[in-house]
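Report on the following structure.
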Amino acid sequence: MRRAWLALMVSIAVSAAVATPASARDFPYCIKGCDFGAGDCSFVSLAQCQATASGRDAYCAANPYFNAKAEMQTDRSRQHGRRF
């Protein structure tokens with residue numbers, strides 16, 4: 001029983017360490033600086049991010065967790081084909 005509990009705790013710790021928040025993966029640009037701590041990755045365009053950073057001690061950068069190819073792939077589980 002102890003081994004199972006230990007294995008469960010280790011797997012939870014590893015999952016938490018490598019997981020990224022869903023919002024961090026969804027948008028291509030992040031704003032970083034004093035007001036934003038670790039960063040706010042909720043911008044769809046560089047211009048939108050720069051407008052928010054304007055007049056602040058902040059800058060915009062590409063989101064390291066954003067995967068444009070994954071965003072463009074179709075979800076085949078939703079496609080229904082004819083069956084003959």
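In the structure tokens, the first chain shown is A, the next is B, and so on; residue numbers restart at 1 for each chain, and ligands run from 1 in the order shown.
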message: I want to know what sits within 8 Å of segment 51-59 of chain A, based on only C-alpha atoms, with residues of the same chain fewer than 5 positions away left out; could you give that as a PyMOL selection string?
response: chain A and resi 31-36
Would you mind exporting N, CA and C atoms of the selected residues as a CSV table (one decimal), in the first residue's frame?
```
chain,number,residue,atom,x,y,z
A,31,ILE,N,3.0,39.6,-22.2
A,31,ILE,CA,3.5,40.8,-21.7
A,31,ILE,C,4.3,40.5,-20.4
A,32,LYS,N,5.4,41.1,-20.3
A,32,LYS,CA,6.2,40.9,-19.1
A,32,LYS,C,6.7,42.2,-18.6
A,33,GLY,N,7.0,42.3,-17.3
A,33,GLY,CA,7.5,43.5,-16.7
A,33,GLY,C,7.1,43.5,-15.2
A,34,CYS,N,7.3,44.7,-14.6
A,34,CYS,CA,7.1,44.9,-13.2
A,34,CYS,C,5.6,44.7,-12.8
A,35,ASP,N,4.7,45.2,-13.6
A,35,ASP,CA,3.3,45.1,-13.3
A,35,ASP,C,2.7,43.7,-13.5
A,36,PHE,N,3.4,42.8,-14.2
A,36,PHE,CA,2.8,41.6,-14.7
A,36,PHE,C,3.5,40.3,-14.1
```
Residues within 10 Å of Asn63 of chain A, only C-alpha atoms, excluding chain neighbours under 3 positions, as a PyMOL selection string: chain A and resi 24-31+39-43+60+66-67
